[in-house]
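Visitor: So here's start34.cif, just mmCIF, C-alpha atoms:
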```
data_input
#
loop_
_atom_site.group_PDB
_atom_site.id
_atom_site.type_symbol
_atom_site.label_atom_id
_atom_site.label_comp_id
_atom_site.auth_asym_id
_atom_site.auth_seq_id
_atom_site.Cartn_x
_atom_site.Cartn_y
_atom_site.Cartn_z
ATOM 1 C CA LYS A 20 -31.842 7.684 -59.799
ATOM 2 C CA LYS A 21 -28.233 7.075 -60.724
ATOM 3 C CA GLU A 22 -26.399 4.864 -58.271
ATOM 4 C CA ARG A 23 -23.167 6.274 -56.821
ATOM 5 C CA CYS A 24 -20.429 4.595 -54.828
ATOM 6 C CA ILE A 25 -20.199 5.829 -51.225
ATOM 7 C CA THR A 26 -16.642 6.260 -49.919
ATOM 8 C CA GLY A 27 -17.276 7.575 -46.403
ATOM 9 C CA LEU A 28 -19.931 8.197 -43.742
ATOM 10 C CA ALA A 29 -19.998 10.481 -40.701
ATOM 11 C CA THR A 30 -22.524 11.949 -38.279
ATOM 12 C CA ASP A 31 -22.378 15.019 -36.052
ATOM 13 C CA ALA A 32 -22.245 14.933 -32.245
ATOM 14 C CA LEU A 33 -25.986 15.606 -31.846
ATOM 15 C CA ASN A 34 -27.129 13.037 -34.443
ATOM 16 C CA ARG A 35 -28.838 15.698 -36.513
ATOM 17 C CA THR A 36 -26.864 15.422 -39.742
ATOM 18 C CA VAL A 37 -25.461 12.464 -41.657
ATOM 19 C CA ILE A 38 -22.630 13.178 -44.076
ATOM 20 C CA ALA A 39 -21.889 10.867 -47.016
ATOM 21 C CA SER A 40 -19.083 11.191 -49.548
ATOM 22 C CA THR A 41 -19.256 9.608 -52.990
ATOM 23 C CA LEU A 42 -16.726 8.541 -55.568
ATOM 24 C CA ASP A 43 -17.827 11.243 -58.027
ATOM 25 C CA GLY A 44 -16.562 14.024 -55.711
ATOM 26 C CA THR A 45 -19.692 15.098 -53.810
ATOM 27 C CA ILE A 46 -20.309 15.647 -50.101
ATOM 28 C CA ASN A 47 -23.987 15.081 -49.238
ATOM 29 C CA PHE A 48 -25.653 16.318 -46.025
ATOM 30 C CA PHE A 49 -28.780 14.427 -44.927
ATOM 31 C CA ASP A 50 -31.208 15.166 -42.102
ATOM 32 C CA PHE A 51 -30.958 12.334 -39.571
ATOM 33 C CA GLN A 52 -34.678 12.382 -38.652
ATOM 34 C CA THR A 53 -36.348 12.877 -42.032
ATOM 35 C CA THR A 54 -33.555 11.328 -44.219
ATOM 36 C CA LYS A 55 -33.951 14.218 -46.668
ATOM 37 C CA LEU A 56 -31.009 15.591 -48.628
ATOM 38 C CA GLU A 57 -30.310 19.105 -47.327
ATOM 39 C CA HIS A 58 -27.166 20.147 -49.180
ATOM 40 C CA THR A 59 -24.606 18.823 -51.672
ATOM 41 C CA SER A 60 -21.061 20.136 -52.011
ATOM 42 C CA ILE A 61 -19.300 19.347 -55.271
ATOM 43 C CA LEU A 62 -15.512 19.010 -55.141
ATOM 44 C CA SER A 63 -13.045 19.151 -57.994
ATOM 45 C CA SER A 64 -11.682 15.653 -57.337
ATOM 46 C CA THR A 65 -12.780 12.207 -56.295
ATOM 47 C CA VAL A 66 -13.251 11.698 -52.540
ATOM 48 C CA THR A 67 -11.494 8.645 -51.120
ATOM 49 C CA SER A 68 -12.274 9.031 -47.389
ATOM 50 C CA ILE A 69 -13.574 11.503 -44.799
ATOM 51 C CA LEU A 70 -12.949 12.109 -41.094
ATOM 52 C CA LEU A 71 -15.127 14.275 -38.816
ATOM 53 C CA HIS A 72 -14.002 15.900 -35.570
ATOM 54 C CA SER A 73 -17.202 15.913 -33.534
ATOM 55 C CA ASP A 74 -16.185 18.610 -31.055
ATOM 56 C CA ASN A 75 -15.569 21.447 -33.518
ATOM 57 C CA GLY A 76 -17.517 20.255 -36.568
ATOM 58 C CA LEU A 77 -14.565 20.109 -38.993
ATOM 59 C CA LEU A 78 -14.716 17.507 -41.760
ATOM 60 C CA ALA A 79 -11.410 16.429 -43.318
ATOM 61 C CA VAL A 80 -11.881 15.152 -46.878
ATOM 62 C CA VAL A 81 -9.119 13.158 -48.555
ATOM 63 C CA CYS A 82 -9.264 13.665 -52.305
ATOM 64 C CA ASP A 83 -7.687 11.730 -55.156
ATOM 65 C CA ASP A 84 -5.693 14.765 -56.323
ATOM 66 C CA MET A 85 -3.491 14.415 -53.170
ATOM 67 C CA VAL A 86 -5.139 17.337 -51.365
ATOM 68 C CA VAL A 87 -6.868 17.288 -47.983
ATOM 69 C CA ARG A 88 -9.805 19.686 -47.883
ATOM 70 C CA ILE A 89 -11.366 20.741 -44.574
ATOM 71 C CA ILE A 90 -15.079 21.613 -44.599
ATOM 72 C CA ASP A 91 -17.048 23.330 -41.840
ATOM 73 C CA ILE A 92 -20.271 21.334 -41.459
ATOM 74 C CA GLU A 93 -22.154 24.373 -40.100
ATOM 75 C CA THR A 94 -21.476 26.672 -43.051
ATOM 76 C CA ARG A 95 -20.805 23.708 -45.399
ATOM 77 C CA ARG A 96 -17.916 25.465 -47.066
ATOM 78 C CA ILE A 97 -14.260 24.620 -47.616
ATOM 79 C CA VAL A 98 -12.159 26.475 -45.039
ATOM 80 C CA ARG A 99 -8.706 24.933 -45.634
ATOM 81 C CA GLU A 100 -6.848 23.060 -48.387
ATOM 82 C CA LEU A 101 -3.738 21.146 -47.358
ATOM 83 C CA ASP A 102 -1.444 20.001 -50.183
ATOM 84 C CA GLY A 103 2.205 19.170 -50.832
ATOM 85 C CA PHE A 104 1.862 15.391 -50.923
ATOM 86 C CA ARG A 105 3.970 13.327 -53.327
ATOM 87 C CA GLY A 106 1.954 10.131 -53.030
ATOM 88 C CA ARG A 107 -1.537 8.904 -52.293
ATOM 89 C CA ILE A 108 -2.794 9.806 -48.845
ATOM 90 C CA LEU A 109 -3.312 6.692 -46.718
ATOM 91 C CA ASP A 110 -4.662 7.938 -43.392
ATOM 92 C CA ILE A 111 -5.375 11.127 -41.427
ATOM 93 C CA THR A 112 -6.128 11.962 -37.812
ATOM 94 C CA PHE A 113 -7.035 15.033 -35.773
ATOM 95 C CA SER A 114 -5.320 15.981 -32.546
ATOM 96 C CA PRO A 115 -7.699 15.888 -29.538
ATOM 97 C CA ASP A 116 -7.747 19.692 -29.349
ATOM 98 C CA SER A 117 -8.435 19.884 -33.146
ATOM 99 C CA ARG A 118 -5.371 22.088 -33.548
ATOM 100 C CA TRP A 119 -3.377 19.751 -35.783
ATOM 101 C CA LEU A 120 -4.056 17.336 -38.610
ATOM 102 C CA VAL A 121 -1.530 14.504 -38.999
ATOM 103 C CA THR A 122 -1.351 12.648 -42.329
ATOM 104 C CA THR A 123 0.567 9.743 -43.824
ATOM 105 C CA SER A 124 1.073 9.031 -47.510
ATOM 106 C CA LEU A 125 2.808 6.676 -49.903
ATOM 107 C CA ASP A 126 5.923 8.876 -50.000
ATOM 108 C CA SER A 127 6.688 7.522 -46.464
ATOM 109 C CA ILE A 128 6.395 10.981 -44.855
ATOM 110 C CA ILE A 129 4.283 11.777 -41.804
ATOM 111 C CA ARG A 130 3.155 15.396 -41.981
ATOM 112 C CA THR A 131 1.623 17.631 -39.304
ATOM 113 C CA PHE A 132 -0.496 20.605 -40.408
ATOM 114 C CA ASP A 133 -1.568 23.499 -38.224
ATOM 115 C CA ILE A 134 -5.274 23.935 -39.019
ATOM 116 C CA PRO A 135 -5.766 27.606 -37.947
ATOM 117 C CA THR A 136 -2.874 28.790 -40.152
ATOM 118 C CA GLY A 137 -2.945 26.003 -42.746
ATOM 119 C CA ARG A 138 0.842 25.586 -42.529
ATOM 120 C CA LEU A 139 2.970 22.462 -42.584
ATOM 121 C CA ILE A 140 4.759 22.706 -39.216
ATOM 122 C CA ASP A 141 6.426 19.282 -39.013
ATOM 123 C CA ALA A 142 7.333 16.388 -41.322
ATOM 124 C CA PHE A 143 9.654 13.399 -41.061
ATOM 125 C CA ARG A 144 10.405 10.403 -43.263
ATOM 126 C CA THR A 145 10.289 6.864 -41.890
ATOM 127 C CA PRO A 146 12.111 3.793 -43.288
ATOM 128 C CA SER A 147 8.790 2.081 -44.029
ATOM 129 C CA ILE A 148 5.421 3.473 -45.060
ATOM 130 C CA ALA A 149 2.931 4.179 -42.266
ATOM 131 C CA THR A 150 -0.442 2.752 -43.224
ATOM 132 C CA SER A 151 -2.443 3.988 -40.232
ATOM 133 C CA LEU A 152 -2.056 6.492 -37.409
ATOM 134 C CA SER A 153 -4.004 7.786 -34.410
ATOM 135 C CA PHE A 154 -3.585 10.342 -31.616
ATOM 136 C CA SER A 155 -3.942 9.456 -27.951
ATOM 137 C CA PRO A 156 -6.879 11.149 -26.135
ATOM 138 C CA THR A 157 -4.445 13.094 -23.922
ATOM 139 C CA ASN A 158 -2.529 14.493 -26.921
ATOM 140 C CA ASP A 159 0.820 13.105 -25.745
ATOM 141 C CA PHE A 160 1.428 10.142 -28.095
ATOM 142 C CA LEU A 161 0.981 9.340 -31.776
ATOM 143 C CA ALA A 162 0.529 5.655 -32.672
ATOM 144 C CA THR A 163 1.490 4.399 -36.135
ATOM 145 C CA ALA A 164 1.370 1.065 -37.965
ATOM 146 C CA HIS A 165 3.746 0.245 -40.843
ATOM 147 C CA VAL A 166 3.678 -2.096 -43.800
ATOM 148 C CA ASP A 167 6.615 -4.319 -42.836
ATOM 149 C CA SER A 168 5.858 -4.699 -39.144
ATOM 150 C CA VAL A 169 3.075 -6.205 -37.062
ATOM 151 C CA GLY A 170 3.758 -3.863 -34.105
ATOM 152 C CA ILE A 171 2.415 -0.455 -33.135
ATOM 153 C CA PHE A 172 4.961 2.341 -32.780
ATOM 154 C CA LEU A 173 4.501 5.243 -30.352
ATOM 155 C CA TRP A 174 5.858 8.738 -30.967
ATOM 156 C CA ALA A 175 6.006 11.293 -28.126
ATOM 157 C CA ASN A 176 4.503 14.710 -28.723
ATOM 158 C CA ARG A 177 7.347 17.204 -28.331
ATOM 159 C CA ALA A 178 4.908 20.044 -27.679
ATOM 160 C CA GLN A 179 4.075 18.507 -24.287
ATOM 161 C CA TYR A 180 7.506 19.249 -22.782
ATOM 162 C CA ALA A 181 9.229 21.767 -25.097
ATOM 163 C CA GLU A 182 8.474 24.815 -27.185
ATOM 164 C CA VAL A 183 7.541 24.098 -30.793
ATOM 165 C CA SER A 184 7.871 26.685 -33.546
ATOM 166 C CA PHE A 185 4.970 26.975 -35.961
ATOM 167 C CA GLN A 186 7.060 28.051 -38.944
ATOM 168 C CA THR A 187 6.434 26.498 -42.324
ATOM 169 C CA VAL A 188 8.569 23.432 -43.058
ATOM 170 C CA THR A 189 10.025 23.011 -46.563
ATOM 171 C CA ASP A 190 11.118 19.864 -48.366
ATOM 172 C CA ASP A 191 14.734 20.479 -47.398
ATOM 173 C CA ASP A 192 13.801 20.343 -43.712
ATOM 174 C CA PHE A 193 12.432 16.788 -43.863
ATOM 175 C CA LEU A 194 14.396 14.484 -41.572
ATOM 176 C CA ASN A 195 14.943 10.753 -41.863
ATOM 177 C CA VAL A 196 13.856 9.227 -38.558
ATOM 178 C CA ASN A 197 14.240 5.589 -37.534
ATOM 179 C CA LEU A 198 11.297 3.757 -36.057
ATOM 180 C CA PRO A 199 11.080 3.503 -32.261
ATOM 181 C CA SER A 200 13.065 0.492 -31.069
ATOM 182 C CA MET A 201 11.355 -2.625 -29.807
ATOM 183 C CA GLN A 202 12.596 -5.167 -27.285
ATOM 184 C CA GLY A 203 15.310 -7.190 -28.951
ATOM 185 C CA VAL A 204 18.390 -9.281 -28.153
ATOM 186 C CA ALA A 205 20.158 -6.517 -26.246
ATOM 187 C CA GLU A 206 17.139 -5.885 -24.083
ATOM 188 C CA ASP A 207 16.718 -9.599 -23.394
ATOM 189 C CA GLU A 208 20.317 -9.852 -22.187
ATOM 190 C CA ALA A 209 19.795 -6.857 -19.882
ATOM 191 C CA LEU A 210 16.649 -8.412 -18.431
ATOM 192 C CA ASN A 211 18.410 -11.733 -17.863
ATOM 193 C CA ALA A 212 21.199 -9.926 -16.020
ATOM 194 C CA LEU A 213 18.678 -8.231 -13.775
ATOM 195 C CA SER A 214 16.976 -11.530 -12.973
ATOM 196 C CA ALA A 215 20.198 -12.770 -11.317
ATOM 197 C CA LEU A 216 19.869 -10.078 -8.669
ATOM 198 C CA THR A 217 17.766 -11.794 -6.018
ATOM 199 C CA THR A 218 16.260 -10.052 -3.047
ATOM 200 C CA ASN A 219 15.694 -11.303 0.481
ATOM 201 C CA ASP A 220 11.986 -12.027 0.657
ATOM 202 C CA ALA A 221 12.057 -13.181 4.302
ATOM 203 C CA SER A 222 9.555 -11.374 6.474
ATOM 204 C CA VAL A 223 11.040 -8.991 9.034
ATOM 205 C CA ASP A 224 9.596 -9.044 12.531
ATOM 206 C CA VAL A 225 9.370 -5.405 13.599
ATOM 207 C CA PHE A 226 8.815 -6.354 17.241
ATOM 208 C CA SER A 227 12.056 -8.307 17.629
ATOM 209 C CA THR A 228 15.014 -6.553 19.204
ATOM 210 C CA PRO A 229 18.065 -6.405 16.932
ATOM 211 C CA PRO A 230 21.253 -7.955 18.349
ATOM 212 C CA GLN A 231 23.537 -5.603 20.232
ATOM 213 C CA LEU A 232 27.125 -5.095 19.202
ATOM 214 C CA ASP A 233 28.235 -4.642 22.794
ATOM 215 C CA GLY A 234 26.631 -4.572 26.225
ATOM 216 C CA GLU A 235 27.753 -0.987 26.836
ATOM 217 C CA LEU A 236 26.249 0.325 23.599
ATOM 218 C CA ILE A 237 22.720 1.552 23.104
ATOM 219 C CA THR A 238 20.550 -0.161 20.528
ATOM 220 C CA LEU A 239 18.028 2.119 18.834
ATOM 221 C CA THR A 240 14.596 0.806 18.006
ATOM 222 C CA LEU A 241 13.539 0.096 14.444
ATOM 223 C CA LEU A 242 9.904 0.936 15.107
ATOM 224 C CA PRO A 243 8.396 4.122 13.696
ATOM 225 C CA ARG A 244 8.260 7.201 15.890
ATOM 226 C CA ALA A 245 4.489 6.939 16.394
ATOM 227 C CA ARG A 246 4.984 3.595 18.158
ATOM 228 C CA TRP A 247 7.519 4.579 20.839
ATOM 229 C CA GLN A 248 6.616 8.220 21.387
ATOM 230 C CA THR A 249 3.544 7.179 23.399
ATOM 231 C CA LEU A 250 5.805 5.666 26.062
ATOM 232 C CA LEU A 251 6.658 9.186 27.247
ATOM 233 C CA ASN A 252 3.018 9.778 28.185
ATOM 234 C CA LEU A 253 2.197 6.241 29.301
ATOM 235 C CA GLU A 254 0.954 7.263 32.788
ATOM 236 C CA ILE A 255 -1.349 9.935 31.342
ATOM 237 C CA ILE A 256 -2.780 7.466 28.849
ATOM 238 C CA GLN A 257 -3.421 4.868 31.567
ATOM 239 C CA GLN A 258 -5.153 7.478 33.767
ATOM 240 C CA ARG A 259 -7.274 8.608 30.848
ATOM 241 C CA ASN A 260 -8.300 5.072 29.919
ATOM 242 C CA LYS A 261 -9.173 4.107 33.492
ATOM 243 C CA PRO A 262 -12.917 3.295 33.811
ATOM 244 C CA LYS A 263 -14.964 5.831 35.759
ATOM 245 C CA GLU A 264 -17.355 3.273 37.277
ATOM 246 C CA PRO A 265 -17.320 -0.506 37.648
ATOM 247 C CA PRO A 266 -19.034 -2.483 34.958
ATOM 248 C CA LYS A 267 -22.689 -3.281 35.558
ATOM 249 C CA ALA A 268 -24.027 -6.794 35.216
ATOM 250 C CA PRO A 269 -26.801 -7.161 32.655
ATOM 251 C CA GLU A 270 -30.316 -7.716 33.893
ATOM 252 C CA LYS A 271 -31.192 -11.355 34.348
ATOM 253 C CA ALA A 272 -33.959 -12.653 32.158
ATOM 254 C CA PRO A 273 -35.963 -15.838 32.861
ATOM 255 C CA PHE A 274 -35.201 -18.858 30.777
ATOM 256 C CA PHE A 275 -38.895 -19.291 29.869
ATOM 257 C CA LEU A 276 -40.748 -16.079 29.159
ATOM 258 C CA PRO A 277 -44.291 -16.093 30.605
ATOM 259 C CA THR A 278 -47.133 -15.639 28.105
ATOM 260 C CA LEU A 279 -50.645 -14.319 28.445
ATOM 261 C CA PRO A 280 -53.675 -16.531 27.692
ATOM 262 C CA GLY A 281 -55.337 -15.955 24.319
ATOM 263 C CA VAL A 282 -55.198 -16.804 20.629
ATOM 264 C CA GLU A 283 -52.353 -14.420 19.889
ATOM 265 C CA MET A 284 -49.058 -15.021 21.568
ATOM 266 C CA ARG A 285 -48.256 -12.161 23.956
ATOM 267 C CA PHE A 286 -45.542 -12.059 26.560
ATOM 268 C CA ASP A 287 -46.312 -11.084 30.137
ATOM 269 C CA GLN A 288 -44.313 -7.929 30.773
ATOM 270 C CA PRO A 289 -44.128 -6.559 34.340
ATOM 271 C CA ASP A 290 -45.745 -3.180 34.822
ATOM 272 C CA THR A 291 -42.837 -1.075 35.946
ATOM 273 C CA LYS A 292 -44.769 2.208 35.784
ATOM 274 C CA THR A 293 -47.243 1.152 38.487
ATOM 275 C CA SER A 294 -44.511 0.188 40.920
ATOM 276 C CA ASP A 295 -42.765 3.488 40.348
ATOM 277 C CA THR A 296 -45.935 5.472 41.065
ATOM 278 C CA LYS A 297 -46.537 3.508 44.278
ATOM 279 C CA LYS A 298 -43.032 4.119 45.511
ATOM 280 C CA SER A 299 -43.316 7.810 44.827
ATOM 281 C CA THR A 300 -46.653 7.947 46.774
ATOM 282 C CA ARG A 301 -45.146 6.280 49.857
ATOM 283 C CA ARG A 302 -42.278 8.697 49.826
ATOM 284 C CA LEU A 303 -44.663 11.605 49.720
ATOM 285 C CA GLU A 304 -46.565 10.137 52.629
ATOM 286 C CA LYS A 305 -43.396 9.800 54.676
ATOM 287 C CA VAL A 306 -42.423 13.364 53.913
ATOM 288 C CA GLY A 307 -45.908 14.564 54.775
ATOM 289 C CA GLY A 308 -45.791 12.731 58.164
ATOM 290 C CA THR A 309 -42.596 14.478 59.158
ATOM 291 C CA LEU A 310 -44.110 17.857 58.356
ATOM 292 C CA GLU A 311 -47.019 17.517 60.902
ATOM 293 C CA SER A 312 -46.985 20.301 63.474
ATOM 294 C CA THR A 313 -47.152 19.854 67.310
ATOM 295 C CA PHE A 314 -50.609 21.449 67.478
ATOM 296 C CA TYR A 315 -51.985 18.987 64.925
ATOM 297 C CA LYS A 316 -50.596 16.056 66.919
ATOM 298 C CA LYS A 317 -52.250 17.285 70.161
ATOM 299 C CA LEU A 318 -55.595 17.595 68.380
ATOM 300 C CA LEU A 319 -55.350 14.009 67.229
ATOM 301 C CA ALA A 320 -54.441 12.825 70.752
ATOM 302 C CA ASP A 321 -57.548 14.309 72.413
ATOM 303 C CA ALA A 322 -60.926 12.568 72.314
ATOM 304 C CA LYS A 323 -63.259 13.481 69.521
ATOM 305 C CA ASP A 324 -66.289 13.973 71.858
ATOM 306 C CA GLY A 325 -64.316 15.893 74.472
ATOM 307 C CA ASP A 326 -64.634 19.604 75.190
#
```
What's the structure tokens form of this structure?
Guide:
Amino acid sequence: KKERCITGLATDALNRTVIASTLDGTINFFDFQTTKLEHTSILSSTVTSILLHSDNGLLAVVCDDMVVRIIDIETRRIVRELDGFRGRILDITFSPDSRWLVTTSLDSIIRTFDIPTGRLIDAFRTPSIATSLSFSPTNDFLATAHVDSVGIFLWANRAQYAEVSFQTVTDDDFLNVNLPSMQGVAEDEALNALSALTTNDASVDVFSTPPQLDGELITLTLLPRARWQTLLNLEIIQQRNKPKEPPKAPEKAPFFLPTLPGVEMRFDQPDTKTSDTKKSTRRLEKVGGTLESTFYKKLLADAKDGD
């Protein structure tokens, strides 16, 4: 087999298909389990890099003829071709909702394409070339890195707070935009001026009474309303919190617990059930004695052998 140089690799969200691009302009689809080649798409130009959006299955292919081709990995056909570049394409990124494709190229222009319509809806030129870019997961910021700077620049997405027209942008509509400013000398001077403003860090005692201006004036409390409003119902609260019965002393336990004889250690517990049954029997006997009739008492008073 002829060896070919691989320029990009990608896999779908379910790990069923592995996609490999080669330098001779082919897109190869392999089965992840069996490693067999299922399909090969031949493009008209050399493939330099690929990027797959896992949620919708769109594969963006950067070709050497300065065209970005979008392939649907389900049908394995080209669905969009995005062109108009004047230099080699350096990096691409999808928006989180897969609506837009943002690209950067050697002509120092950052372009935004609308994928459903295939139109160029926004483009601006930066002072230095952007070598890499990426969208935030919430679709509100675009991060870029440039050749003459070691920082990362953030661009706000205007579609988050304003209406954006999706009309096609021409070359005459490209704007020259400066890079977002970083903290410099002016910002350092402003921060140093703010550091001179000191605050009183002393703790304030909320329970202390503020000094009165005059003895005839009324001083209002600084406590929150929930603190002093209960004073209006203080008598009701005290009556409600009053105990209904005096507290009971806990049962006294002996210092040394008696044990029963034997191999196993067992504590001698008093049989409270037996004493309860005895008390209940005596009570019944007392009640029964009071219920004896006068006739029954006279029978008991007479002699047993009498007539």
Visitor: At what distance in Å, to one decimal, does CA of Ser117 (chain A) lie from CA of Leu173 (chain A)?
Guide: 19.7 Å
Visitor: Care to translate the PyMOL selection byres ((chain A and resi 104) around 9) into actual residues of this file, as a compact mmCIF listing (two decimals) with C-alpha atoms, in the frame of the given file?
Guide:
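Result went into result_15.txt, see below:
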```
# COMPACT_ATOMS: atom_id res chain seq x y z
CA MET A 85 -3.49 14.42 -53.17
CA VAL A 86 -5.14 17.34 -51.36
CA LEU A 101 -3.74 21.15 -47.36
CA ASP A 102 -1.44 20.00 -50.18
CA GLY A 103 2.20 19.17 -50.83
CA ARG A 105 3.97 13.33 -53.33
CA GLY A 106 1.95 10.13 -53.03
CA ARG A 107 -1.54 8.90 -52.29
CA ILE A 108 -2.79 9.81 -48.84
CA SER A 124 1.07 9.03 -47.51
CA LEU A 125 2.81 6.68 -49.90
CA ASP A 126 5.92 8.88 -50.00
CA ILE A 128 6.40 10.98 -44.86
```
Visitor: Please provide the set of residues having any atom within 6 Å of Thr278 (chain A), restricted to all atoms listed in the file, with same-chain residues fewer than 4 positions apart removed, written as number ranges by chain.
Guide: A: 285-287
Visitor: I need the residue set behind the PyMOL selection byres ((chain A and resi 155) around 12) for this file; please write it as a list of chain:residue names.
Guide: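 Selection result, ordered by chain and number: A:Thr112, A:Phe113, A:Ser114, A:Pro115, A:Asp116, A:Leu152, A:Ser153, A:Phe154, A:Pro156, A:Thr157, A:Asn158, A:Asp159, A:Phe160, A:Leu161, A:Ala162, A:Thr163, A:Leu173, A:Trp174, A:Ala175, A:Asn176.
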Visitor: Carefully work through the PyMOL selection byres ((chain A and resi 91-94) around 8) for this structure and note down the residues it includes, as a list in words.
Guide: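 Evaluating the PyMOL selection byres ((chain A and resi 91-94) around 8) on these coordinates yields Gly76, Leu77, Leu78, Ile89, Ile90, Arg95, Arg96, Ile97 and Val98 of chain A.
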Visitor: Just write the chosen residues, C-alpha atoms, as a tab-separated table (two decimals), keeping the file's coordinate frame.
Guide:
```tsv
chain	number	residue	atom	x	y	z
A	76	GLY	CA	-17.52	20.26	-36.57
A	77	LEU	CA	-14.56	20.11	-38.99
A	78	LEU	CA	-14.72	17.51	-41.76
A	89	ILE	CA	-11.37	20.74	-44.57
A	90	ILE	CA	-15.08	21.61	-44.60
A	95	ARG	CA	-20.80	23.71	-45.40
A	96	ARG	CA	-17.92	25.46	-47.07
A	97	ILE	CA	-14.26	24.62	-47.62
A	98	VAL	CA	-12.16	26.48	-45.04
```
Visitor: For Val81 (chain A), which residue out of A:Asn252, A:Thr122, A:Ser127, A:Thr67 is the nearest one, using all atoms listed in the file?
Guide: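 Using all atoms listed in the file, the shortest distance to Val81 (chain A) belongs to A:Thr67.
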Visitor: Near Val166 (chain A), counting all atoms listed in the file, which residues have an atom at most 10 Å away, once you skip same-chain residues fewer than 6 positions from it, shown as an mmCIF file with C-alpha atoms, in the coordinates of the input?
Guide:
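Just written: out_3.cif:
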```cif
data_model
loop_
_atom_site.group_PDB
_atom_site.id
_atom_site.type_symbol
_atom_site.label_atom_id
_atom_site.label_comp_id
_atom_site.auth_asym_id
_atom_site.auth_seq_id
_atom_site.Cartn_x
_atom_site.Cartn_y
_atom_site.Cartn_z
ATOM 1 C CA SER A 147 8.790 2.081 -44.029
ATOM 2 C CA ILE A 148 5.421 3.473 -45.060
ATOM 3 C CA ALA A 149 2.931 4.179 -42.266
ATOM 4 C CA THR A 150 -0.442 2.752 -43.224
ATOM 5 C CA SER A 151 -2.443 3.988 -40.232
#
```
Visitor: Could you tell me, as an NGL selection string, which residues have any atom at most 8 Å from (-24.3, 13.9, -42.9), counting all atoms listed in the file?
Guide: :A and (28-31 or 36-39 or 47-51)
Visitor: Taking (5.0, 23.1, -41.3) in the file's coordinates, which residues come within 10 Å, counting only C-alpha atoms, written as a count of residues only?
Guide: 19
Visitor: For a test of reading the model, state the distance in Å between CA of Leu198 (chain A) and CA of Asp110 (chain A), rounded to one decimal.
Guide: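 Those two atoms sit 18.1 Å apart.
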Visitor: Once you add 6 Å to each side, what are the centre and edge lengths of the axis-aligned box holding all listed atoms of region 76-81 of chain A? One decimal in Å, as lines of an AutoDock Vina configuration file, if you can.
Guide:
```
center_x = -13.3
center_y = 16.7
center_z = -42.6
size_x = 20.4
size_y = 19.1
size_z = 24.0
```
Visitor: Report, in Å with one decimal, the straight-line distance from CA of Thr123 (chain A) to CA of Ile111 (chain A).
Guide: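 Computed distance, CA of Thr123 (chain A) to CA of Ile111 (chain A), equals 6.6 Å.
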Visitor: Name the closest residue to Val66 (chain A) among the candidates A:Gln179, A:Lys267, A:Asn34, A:Ile25; distances are taken between atoms, counting all atoms listed in the file.
Guide: A:Ile25
Visitor: Extract, using all atoms listed in the file, all DNA, RNA and protein residues at most 10 Å from Ala32 (chain A), discarding same-chain residues fewer than 4 positions from it, and format them as a list in words.
Guide: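 Returned residues: Thr36, Leu71, His72, Ser73, Asp74, Asn75 and Gly76 of chain A.
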